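my_file_19.pdb (PDB, C-alpha atoms, pLDDT in the B column)
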ATOM      1  CA  MET A   1       0.000   0.000   0.000  1.00 61.00           C
ATOM      2  CA  ALA A   2       1.364   3.401  -0.979  1.00 73.00           C
ATOM      3  CA  LYS A   3       2.395   5.775   1.780  1.00 86.00           C
ATOM      4  CA  THR A   4       0.416   9.039   1.626  1.00 91.00           C
ATOM      5  CA  ILE A   5       1.991  12.399   2.410  1.00 92.00           C
ATOM      6  CA  ASN A   6      -0.383  15.344   2.756  1.00 95.00           C
ATOM      7  CA  ALA A   7       1.617  18.499   2.131  1.00 94.00           C
ATOM      8  CA  CYS A   8      -1.357  20.759   1.427  1.00 94.00           C
ATOM      9  CA  GLY A   9      -1.108  24.156   3.056  1.00 92.00           C
ATOM     10  CA  LEU A  10       2.674  23.945   3.364  1.00 89.00           C
ATOM     11  CA  THR A  11       5.068  26.378   1.735  1.00 83.00           C
ATOM     12  CA  CYS A  12       8.512  25.841   0.253  1.00 78.00           C
ATOM     13  CA  PRO A  13      10.533  23.870   1.085  1.00 83.00           C
ATOM     14  CA  ALA A  14       8.321  21.884   3.484  1.00 89.00           C
ATOM     15  CA  PRO A  15       6.623  19.622   0.878  1.00 91.00           C
ATOM     16  CA  VAL A  16       9.943  18.484  -0.594  1.00 90.00           C
ATOM     17  CA  LEU A  17      11.458  18.005   2.876  1.00 90.00           C
ATOM     18  CA  LEU A  18       8.516  15.810   3.924  1.00 91.00           C
ATOM     19  CA  VAL A  19       8.920  13.673   0.813  1.00 91.00           C
ATOM     20  CA  LYS A  20      12.698  13.554   1.254  1.00 89.00           C
ATOM     21  CA  ASP A  21      12.284  12.271   4.835  1.00 89.00           C
ATOM     22  CA  ALA A  22       9.788   9.640   3.711  1.00 88.00           C
ATOM     23  CA  VAL A  23      12.096   8.402   0.952  1.00 88.00           C
ATOM     24  CA  GLU A  24      15.150   8.299   3.229  1.00 86.00           C
ATOM     25  CA  GLN A  25      13.461   6.819   6.307  1.00 85.00           C
ATOM     26  CA  THR A  26      11.158   4.236   4.766  1.00 78.00           C
ATOM     27  CA  ASP A  27      12.602   3.649   1.288  1.00 72.00           C
ATOM     28  CA  SER A  28       9.010   3.378   0.081  1.00 77.00           C
ATOM     29  CA  LYS A  29       8.510   1.921  -3.369  1.00 87.00           C
ATOM     30  CA  GLU A  30       5.170   3.696  -3.731  1.00 90.00           C
ATOM     31  CA  LEU A  31       4.208   7.171  -2.546  1.00 91.00           C
ATOM     32  CA  THR A  32       1.129   9.344  -2.858  1.00 93.00           C
ATOM     33  CA  VAL A  33       1.790  13.024  -2.282  1.00 94.00           C
ATOM     34  CA  LEU A  34      -0.887  15.713  -1.994  1.00 94.00           C
ATOM     35  CA  VAL A  35       0.065  19.340  -2.679  1.00 94.00           C
ATOM     36  CA  ASP A  36      -2.031  22.400  -3.387  1.00 93.00           C
ATOM     37  CA  ASN A  37       0.073  24.660  -5.599  1.00 89.00           C
ATOM     38  CA  PRO A  38       1.894  24.320  -8.946  1.00 88.00           C
ATOM     39  CA  ALA A  39       5.329  25.152  -7.505  1.00 86.00           C
ATOM     40  CA  SER A  40       5.151  22.306  -4.989  1.00 89.00           C
ATOM     41  CA  GLN A  41       3.804  19.983  -7.671  1.00 91.00           C
ATOM     42  CA  GLU A  42       6.808  20.686  -9.904  1.00 87.00           C
ATOM     43  CA  ASN A  43       9.358  20.630  -7.070  1.00 87.00           C
ATOM     44  CA  VAL A  44       8.148  17.347  -5.567  1.00 92.00           C
ATOM     45  CA  THR A  45       7.867  15.718  -8.997  1.00 91.00           C
ATOM     46  CA  ARG A  46      11.423  16.752  -9.883  1.00 87.00           C
ATOM     47  CA  PHE A  47      12.778  15.536  -6.535  1.00 89.00           C
ATOM     48  CA  LEU A  48      11.056  12.157  -6.843  1.00 91.00           C
ATOM     49  CA  GLY A  49      12.329  11.833 -10.398  1.00 89.00           C
ATOM     50  CA  SER A  50      15.879  12.356  -9.129  1.00 85.00           C
ATOM     51  CA  LYS A  51      15.316   9.448  -6.730  1.00 88.00           C
ATOM     52  CA  GLY A  52      14.215   7.013  -9.421  1.00 90.00           C
ATOM     53  CA  TYR A  53      10.450   7.428  -9.161  1.00 92.00           C
ATOM     54  CA  ALA A  54       8.080   7.660 -12.103  1.00 93.00           C
ATOM     55  CA  VAL A  55       5.409  10.224 -11.214  1.00 94.00           C
ATOM     56  CA  THR A  56       1.912  10.716 -12.576  1.00 93.00           C
ATOM     57  CA  ASP A  57      -0.355  13.458 -11.318  1.00 92.00           C
ATOM     58  CA  SER A  58      -3.946  14.595 -11.355  1.00 94.00           C
ATOM     59  CA  LEU A  59      -5.635  17.821 -10.268  1.00 93.00           C
ATOM     60  CA  ASP A  60      -8.963  17.956  -8.454  1.00 94.00           C
ATOM     61  CA  ASN A  61     -10.417  20.980  -6.646  1.00 92.00           C
ATOM     62  CA  GLY A  62      -7.031  22.658  -6.417  1.00 91.00           C
ATOM     63  CA  VAL A  63      -5.224  19.617  -5.015  1.00 94.00           C
ATOM     64  CA  TYR A  64      -2.563  17.785  -6.991  1.00 94.00           C
ATOM     65  CA  THR A  65      -2.333  14.057  -6.311  1.00 95.00           C
ATOM     66  CA  LEU A  66       1.110  12.746  -7.217  1.00 94.00           C
ATOM     67  CA  GLN A  67       1.402   8.979  -7.615  1.00 94.00           C
ATOM     68  CA  ALA A  68       5.032   7.888  -7.451  1.00 93.00           C
ATOM     69  CA  LEU A  69       6.342   4.399  -8.226  1.00 92.00           C
ATOM     70  CA  ARG A  70      10.015   3.624  -7.841  1.00 87.00           C
ATOM     71  CA  ASP A  71      11.797   1.434 -10.335  1.00 77.00           C
ATOM     72  CA  LYS A  72      13.453  -1.201  -8.149  1.00 59.00           C
ATOM     73  CA  GLU A  73      16.502  -1.158 -10.414  1.00 55.00           C
ATOM     74  CA  ALA A  74      16.774   2.628 -10.648  1.00 51.00           C
ATOM     75  CA  ALA A  75      19.706   4.213  -8.892  1.00 45.00           C
ATOM     76  CA  ASP A  76      19.532   7.687  -7.450  1.00 47.00           C
ATOM     77  CA  ASN A  77      20.284  10.256 -10.096  1.00 45.00           C
ATOM     78  CA  PRO A  78      22.661  13.093  -9.242  1.00 45.00           C
ATOM     79  CA  VAL A  79      21.345  16.611  -8.976  1.00 45.00           C
ATOM     80  CA  ALA A  80      21.702  18.396 -12.314  1.00 44.00           C
ATOM     81  CA  GLY A  81      25.322  19.334 -12.816  1.00 41.00           C
ATOM     82  CA  GLU A  82      26.560  17.108 -10.005  1.00 42.00           C
ATOM     83  CA  THR A  83      29.156  14.440 -10.588  1.00 39.00           C
ATOM     84  CA  VAL A  84      28.791  10.854  -9.401  1.00 36.00           C
ATOM     85  CA  GLU A  85      31.114  11.658  -6.515  1.00 41.00           C
ATOM     86  CA  GLY A  86      28.626  14.302  -5.361  1.00 45.00           C
ATOM     87  CA  LYS A  87      30.694  17.377  -6.161  1.00 43.00           C
ATOM     88  CA  ALA A  88      30.328  19.872  -8.958  1.00 41.00           C
ATOM     89  CA  SER A  89      33.532  20.188 -10.950  1.00 55.00           C
ATOM     90  CA  ASN A  90      34.772  23.789 -11.387  1.00 80.00           C
ATOM     91  CA  LYS A  91      31.228  25.084 -11.689  1.00 91.00           C
ATOM     92  CA  ILE A  92      29.839  28.536 -10.980  1.00 95.00           C
ATOM     93  CA  LEU A  93      26.369  29.148  -9.547  1.00 96.00           C
ATOM     94  CA  VAL A  94      24.853  32.591 -10.168  1.00 97.00           C
ATOM     95  CA  LEU A  95      22.037  33.748  -7.882  1.00 97.00           C
ATOM     96  CA  ILE A  96      19.945  36.577  -9.342  1.00 98.00           C
ATOM     97  CA  ALA A  97      17.876  38.182  -6.553  1.00 97.00           C
ATOM     98  CA  SER A  98      16.467  41.172  -8.438  1.00 97.00           C
ATOM     99  CA  ASP A  99      15.494  42.271 -11.918  1.00 96.00           C
ATOM    100  CA  THR A 100      17.851  45.228 -11.531  1.00 96.00           C
ATOM    101  CA  PHE A 101      21.606  45.360 -10.938  1.00 95.00           C
ATOM    102  CA  GLY A 102      22.681  47.561  -8.026  1.00 91.00           C
ATOM    103  CA  SER A 103      20.853  50.450  -6.425  1.00 89.00           C
ATOM    104  CA  GLY A 104      20.443  54.156  -7.127  1.00 91.00           C
ATOM    105  CA  ASP A 105      18.412  54.151 -10.329  1.00 94.00           C
ATOM    106  CA  ASP A 106      16.101  51.313 -11.355  1.00 94.00           C
ATOM    107  CA  VAL A 107      16.133  52.214 -15.061  1.00 96.00           C
ATOM    108  CA  LEU A 108      19.912  52.054 -15.101  1.00 96.00           C
ATOM    109  CA  GLY A 109      19.822  48.934 -12.929  1.00 95.00           C
ATOM    110  CA  ALA A 110      17.533  47.176 -15.404  1.00 96.00           C
ATOM    111  CA  LYS A 111      19.894  47.988 -18.285  1.00 96.00           C
ATOM    112  CA  LEU A 112      22.876  46.750 -16.287  1.00 96.00           C
ATOM    113  CA  MET A 113      21.098  43.483 -15.445  1.00 96.00           C
ATOM    114  CA  VAL A 114      20.331  42.858 -19.118  1.00 96.00           C
ATOM    115  CA  ALA A 115      23.942  43.534 -20.008  1.00 96.00           C
ATOM    116  CA  TYR A 116      25.170  41.252 -17.220  1.00 96.00           C
ATOM    117  CA  LEU A 117      22.982  38.314 -18.225  1.00 97.00           C
ATOM    118  CA  LYS A 118      23.873  38.718 -21.891  1.00 95.00           C
ATOM    119  CA  THR A 119      27.561  38.632 -20.963  1.00 95.00           C
ATOM    120  CA  LEU A 120      27.434  35.591 -18.655  1.00 94.00           C
ATOM    121  CA  ASN A 121      28.337  33.355 -21.568  1.00 92.00           C
ATOM    122  CA  GLU A 122      31.882  34.655 -21.178  1.00 93.00           C
ATOM    123  CA  LEU A 123      32.171  32.264 -18.222  1.00 93.00           C
ATOM    124  CA  GLY A 124      32.130  29.444 -20.770  1.00 92.00           C
ATOM    125  CA  ASP A 125      31.801  25.897 -19.484  1.00 91.00           C
ATOM    126  CA  ASP A 126      32.258  27.072 -15.881  1.00 93.00           C
ATOM    127  CA  LEU A 127      28.709  28.465 -15.846  1.00 95.00           C
ATOM    128  CA  TRP A 128      26.701  25.712 -14.127  1.00 95.00           C
ATOM    129  CA  GLN A 129      23.430  27.109 -12.775  1.00 96.00           C
ATOM    130  CA  ILE A 130      21.509  30.390 -12.807  1.00 98.00           C
ATOM    131  CA  ILE A 131      18.905  30.602 -10.051  1.00 98.00           C
ATOM    132  CA  PHE A 132      16.395  33.459  -9.908  1.00 98.00           C
ATOM    133  CA  LEU A 133      15.020  34.607  -6.546  1.00 97.00           C
ATOM    134  CA  ASN A 134      12.706  37.353  -5.300  1.00 97.00           C
ATOM    135  CA  GLY A 135      12.214  39.985  -8.029  1.00 97.00           C
ATOM    136  CA  GLY A 136      14.719  38.167 -10.206  1.00 97.00           C
ATOM    137  CA  VAL A 137      12.039  35.642 -11.204  1.00 98.00           C
ATOM    138  CA  LYS A 138      10.455  38.359 -13.364  1.00 98.00           C
ATOM    139  CA  LEU A 139      13.331  37.778 -15.775  1.00 98.00           C
ATOM    140  CA  THR A 140      12.098  34.230 -16.489  1.00 98.00           C
ATOM    141  CA  THR A 141       8.712  35.359 -17.832  1.00 97.00           C
ATOM    142  CA  GLY A 142       7.546  36.014 -21.372  1.00 95.00           C
ATOM    143  CA  SER A 143       8.108  39.768 -20.997  1.00 95.00           C
ATOM    144  CA  SER A 144      11.741  39.341 -19.959  1.00 97.00           C
ATOM    145  CA  PRO A 145      14.244  41.353 -22.017  1.00 96.00           C
ATOM    146  CA  VAL A 146      16.689  38.449 -21.702  1.00 97.00           C
ATOM    147  CA  LEU A 147      14.299  35.548 -22.337  1.00 97.00           C
ATOM    148  CA  GLU A 148      16.056  34.536 -25.538  1.00 96.00           C
ATOM    149  CA  GLU A 149      19.453  34.552 -23.841  1.00 96.00           C
ATOM    150  CA  LEU A 150      18.209  32.491 -20.908  1.00 97.00           C
ATOM    151  CA  GLN A 151      16.627  29.958 -23.246  1.00 97.00           C
ATOM    152  CA  GLY A 152      19.952  29.782 -25.061  1.00 96.00           C
ATOM    153  CA  TYR A 153      21.817  29.102 -21.818  1.00 96.00           C
ATOM    154  CA  GLU A 154      19.350  26.336 -20.994  1.00 96.00           C
ATOM    155  CA  LYS A 155      19.733  24.736 -24.417  1.00 96.00           C
ATOM    156  CA  SER A 156      23.504  24.748 -23.967  1.00 94.00           C
ATOM    157  CA  GLY A 157      23.208  22.740 -20.745  1.00 93.00           C
ATOM    158  CA  VAL A 158      23.180  25.457 -18.078  1.00 95.00           C
ATOM    159  CA  VAL A 159      20.619  24.750 -15.348  1.00 95.00           C
ATOM    160  CA  VAL A 160      18.145  27.657 -15.156  1.00 97.00           C
ATOM    161  CA  LEU A 161      15.782  27.706 -12.171  1.00 96.00           C
ATOM    162  CA  ALA A 162      13.237  30.078 -10.641  1.00 96.00           C
ATOM    163  CA  CYS A 163      12.114  30.098  -7.006  1.00 95.00           C
ATOM    164  CA  GLY A 164       8.575  28.696  -6.832  1.00 92.00           C
ATOM    165  CA  THR A 165       7.621  30.672  -3.720  1.00 91.00           C
ATOM    166  CA  CYS A 166       8.799  33.859  -5.418  1.00 95.00           C
ATOM    167  CA  LEU A 167       6.830  33.117  -8.589  1.00 94.00           C
ATOM    168  CA  GLU A 168       3.698  32.560  -6.520  1.00 92.00           C
ATOM    169  CA  HIS A 169       4.283  35.762  -4.517  1.00 94.00           C
ATOM    170  CA  PHE A 170       4.419  37.843  -7.684  1.00 96.00           C
ATOM    171  CA  GLU A 171       1.610  35.766  -9.274  1.00 95.00           C
ATOM    172  CA  LEU A 172       3.927  34.801 -12.121  1.00 96.00           C
ATOM    173  CA  THR A 173       3.824  30.998 -11.928  1.00 93.00           C
ATOM    174  CA  ALA A 174       1.861  30.706 -15.174  1.00 92.00           C
ATOM    175  CA  GLU A 175       4.023  33.357 -16.860  1.00 95.00           C
ATOM    176  CA  LYS A 176       7.366  31.554 -16.502  1.00 96.00           C
ATOM    177  CA  GLU A 177       8.752  30.612 -19.936  1.00 97.00           C
ATOM    178  CA  VAL A 178      12.256  29.420 -19.167  1.00 97.00           C
ATOM    179  CA  GLY A 179      13.816  27.113 -16.611  1.00 95.00           C
ATOM    180  CA  GLY A 180      12.442  24.846 -13.946  1.00 93.00           C
ATOM    181  CA  THR A 181      10.799  25.739 -10.651  1.00 93.00           C
ATOM    182  CA  THR A 182      12.981  25.284  -7.600  1.00 92.00           C
ATOM    183  CA  ASN A 183      12.736  25.392  -3.819  1.00 90.00           C
ATOM    184  CA  MET A 184      14.963  26.369  -0.907  1.00 91.00           C
ATOM    185  CA  LEU A 185      16.247  22.827  -0.364  1.00 89.00           C
ATOM    186  CA  ASP A 186      17.521  22.686  -3.950  1.00 89.00           C
ATOM    187  CA  ILE A 187      19.049  26.146  -3.605  1.00 92.00           C
ATOM    188  CA  VAL A 188      20.878  25.238  -0.397  1.00 92.00           C
ATOM    189  CA  MET A 189      22.216  22.036  -1.967  1.00 88.00           C
ATOM    190  CA  ALA A 190      23.284  23.899  -5.109  1.00 92.00           C
ATOM    191  CA  THR A 191      25.270  26.453  -3.092  1.00 93.00           C
ATOM    192  CA  GLN A 192      26.991  23.566  -1.303  1.00 91.00           C
ATOM    193  CA  LEU A 193      27.897  21.762  -4.528  1.00 90.00           C
ATOM    194  CA  ALA A 194      29.089  24.792  -6.478  1.00 93.00           C
ATOM    195  CA  ASP A 195      32.760  25.757  -6.491  1.00 93.00           C
ATOM    196  CA  LYS A 196      31.860  29.427  -6.629  1.00 95.00           C
ATOM    197  CA  VAL A 197      28.622  31.299  -5.888  1.00 96.00           C
ATOM    198  CA  ILE A 198      27.996  34.761  -7.368  1.00 96.00           C
ATOM    199  CA  THR A 199      25.059  36.715  -5.921  1.00 96.00           C
ATOM    200  CA  ILE A 200      23.550  39.643  -7.827  1.00 94.00           C
ATOM    201  CA  GLY A 201      20.801  41.881  -6.475  1.00 82.00           C
TER
END
Could you write out this structure as structure tokens?
Amino acid sequence: MAKTINACGLTCPAPVLLVKDAVEQTDSKELTVLVDNPASQENVTRFLGSKGYAVTDSLDNGVYTLQALRDKEAADNPVAGETVEGKASNKILVLIASDTFGSGDDVLGAKLMVAYLKTLNELGDDLWQIIFLNGGVKLTTGSSPVLEELQGYEKSGVVVLACGTCLEHFELTAEKEVGGTTNMLDIVMATQLADKVITIG
């Protein structure tokens, strides 16, 4: 019988942490997870996928029911960009916490942010992940002046992520057009695995 985890009403990163504990403590082959927002649905699904679970979901009255079945032969998959040994190799993580660069003038700050993100490719293969937080998540939407560049980074193998709680706060969850949705657990783990963390905003 599948173990059921009710994470409705919980905010990031609580749903993923509950599922993580269940996977680590019980090694359940089957899990049913209930969440009540798209960010948690995406975060939990991605986490379970990294642990070898195939996930199907359904939505009823605002509640997502995630049915997870683990392949008994599936090994845990590393976090994106992580090596088998559990350590990123010479990789840079960039945290973007605003849609403007610096303070003093927001118009200038917006221009500087666009220039910065368009120039990140100069880091070459060292660029590992770009994570958008707080007002930075606005840059992952359809109206972003750097949407094309971010999509290009993603196609080249750079991990692009946006904070799910932040997207929900700004009511932009449905507007995101690049990258995955992430949570604070993933962000903490990414900062641990990266060789260098650059924070902007």
Q | Chain and number of each residue from the PyMOL selection byres ((chain A and resi 7) around 6), as a PyMOL selection string | A | chain A and resi 6+8+10+15+34-35
Atoms kept (C-alpha atoms) for selection, written as an mmCIF file, keeping the file's coordinate frame:
data_model
loop_
_atom_site.group_PDB
_atom_site.id
_atom_site.type_symbol
_atom_site.label_atom_id
_atom_site.label_comp_id
_atom_site.auth_asym_id
_atom_site.auth_seq_id
_atom_site.Cartn_x
_atom_site.Cartn_y
_atom_site.Cartn_z
ATOM 1 C CA ASN A 6 -0.383 15.344 2.756
ATOM 2 C CA CYS A 8 -1.357 20.759 1.427
ATOM 3 C CA LEU A 10 2.674 23.945 3.364
ATOM 4 C CA PRO A 15 6.623 19.622 0.878
ATOM 5 C CA LEU A 34 -0.887 15.713 -1.994
ATOM 6 C CA VAL A 35 0.065 19.340 -2.679
#
(Q) Applying 12 Å and all atoms listed in the file, which residues near Leu48 (chain A) remain after dropping the ones on its own chain fewer than 4 positions away? List them as a PyMOL selection string. (A) chain A and resi 15-24+27-33+40-44+52-56+66-71+74-79
Q.
Starting from the PyMOL selection byres ((chain A and resi 195) around 7), expand the selection into actual residues of this file and give them as a PyMOL selection string.
A. chain A and resi 88+90-92+193-194+196-197
Q.
Report, in Å with one decimal, the straight-line distance from CA of Ala14 (chain A) to CA of Ile96 (chain A).
A.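 That distance, rounded to one decimal, is 22.7 Å.
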Evaluate the PyMOL selection byres ((chain A and resi 151-162) around 9) and report residues as a PDB file with C-alpha atoms, keeping the file's coordinate frame:
ATOM      1  CA  ALA A  80      21.702  18.396 -12.314  1.00 44.00           C
ATOM      2  CA  GLY A  81      25.322  19.334 -12.816  1.00 41.00           C
ATOM      3  CA  ASN A 121      28.337  33.355 -21.568  1.00 92.00           C
ATOM      4  CA  ASP A 125      31.801  25.897 -19.484  1.00 91.00           C
ATOM      5  CA  LEU A 127      28.709  28.465 -15.846  1.00 95.00           C
ATOM      6  CA  TRP A 128      26.701  25.712 -14.127  1.00 95.00           C
ATOM      7  CA  GLN A 129      23.430  27.109 -12.775  1.00 96.00           C
ATOM      8  CA  ILE A 130      21.509  30.390 -12.807  1.00 98.00           C
ATOM      9  CA  ILE A 131      18.905  30.602 -10.051  1.00 98.00           C
ATOM     10  CA  PHE A 132      16.395  33.459  -9.908  1.00 98.00           C
ATOM     11  CA  LEU A 133      15.020  34.607  -6.546  1.00 97.00           C
ATOM     12  CA  GLY A 136      14.719  38.167 -10.206  1.00 97.00           C
ATOM     13  CA  VAL A 137      12.039  35.642 -11.204  1.00 98.00           C
ATOM     14  CA  THR A 140      12.098  34.230 -16.489  1.00 98.00           C
ATOM     15  CA  VAL A 146      16.689  38.449 -21.702  1.00 97.00           C
ATOM     16  CA  LEU A 147      14.299  35.548 -22.337  1.00 97.00           C
ATOM     17  CA  GLU A 148      16.056  34.536 -25.538  1.00 96.00           C
ATOM     18  CA  GLU A 149      19.453  34.552 -23.841  1.00 96.00           C
ATOM     19  CA  LEU A 150      18.209  32.491 -20.908  1.00 97.00           C
ATOM     20  CA  CYS A 163      12.114  30.098  -7.006  1.00 95.00           C
ATOM     21  CA  GLY A 164       8.575  28.696  -6.832  1.00 92.00           C
ATOM     22  CA  THR A 165       7.621  30.672  -3.720  1.00 91.00           C
ATOM     23  CA  CYS A 166       8.799  33.859  -5.418  1.00 95.00           C
ATOM     24  CA  LEU A 167       6.830  33.117  -8.589  1.00 94.00           C
ATOM     25  CA  LYS A 176       7.366  31.554 -16.502  1.00 96.00           C
ATOM     26  CA  GLU A 177       8.752  30.612 -19.936  1.00 97.00           C
ATOM     27  CA  VAL A 178      12.256  29.420 -19.167  1.00 97.00           C
ATOM     28  CA  GLY A 179      13.816  27.113 -16.611  1.00 95.00           C
ATOM     29  CA  GLY A 180      12.442  24.846 -13.946  1.00 93.00           C
ATOM     30  CA  THR A 181      10.799  25.739 -10.651  1.00 93.00           C
ATOM     31  CA  THR A 182      12.981  25.284  -7.600  1.00 92.00           C
ATOM     32  CA  ASN A 183      12.736  25.392  -3.819  1.00 90.00           C
TER      33      ASN A 183
END
Q: Would you please work out which residue, of A:Ala174, A:Gly9, A:Thr45, A:Leu93, is nearest to Gln192 (chain A) when using all atoms listed in the file?
A: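 Selected residue with least distance to Gln192 (chain A): A:Leu93.
We find CA of Leu59 (chain A) and CA of Gly142 (chain A) to be spaced 25.1 Å apart.
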Q) Rounded to one decimal in Å, what is the spacing between CA of Asn37 (chain A) and CA of Val94 (chain A)? A)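 Interatomic distance, CA of Asn37 (chain A) to CA of Val94 (chain A): 26.4 Å.
Considering all atoms listed in the file, the residue among A:Val107, A:Thr11, A:Thr191, A:Gly124 positioned nearest to Ala39 (chain A) is A:Thr11.
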Q. Closest to Ser144 (chain A) among A:Met184, A:Val114, A:Leu120, A:Val63, using all atoms listed in the file?
A.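 Selected residue with least distance to Ser144 (chain A): A:Val114.
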Q: Using only C-alpha atoms, pick whichever of A:Thr26, A:Ser50, A:Ser58, A:Ser98 has the shortest atom-to-atom distance to Thr199 (chain A).
A: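 Ranked by minimum distance to Thr199 (chain A), first place goes to A:Ser98.
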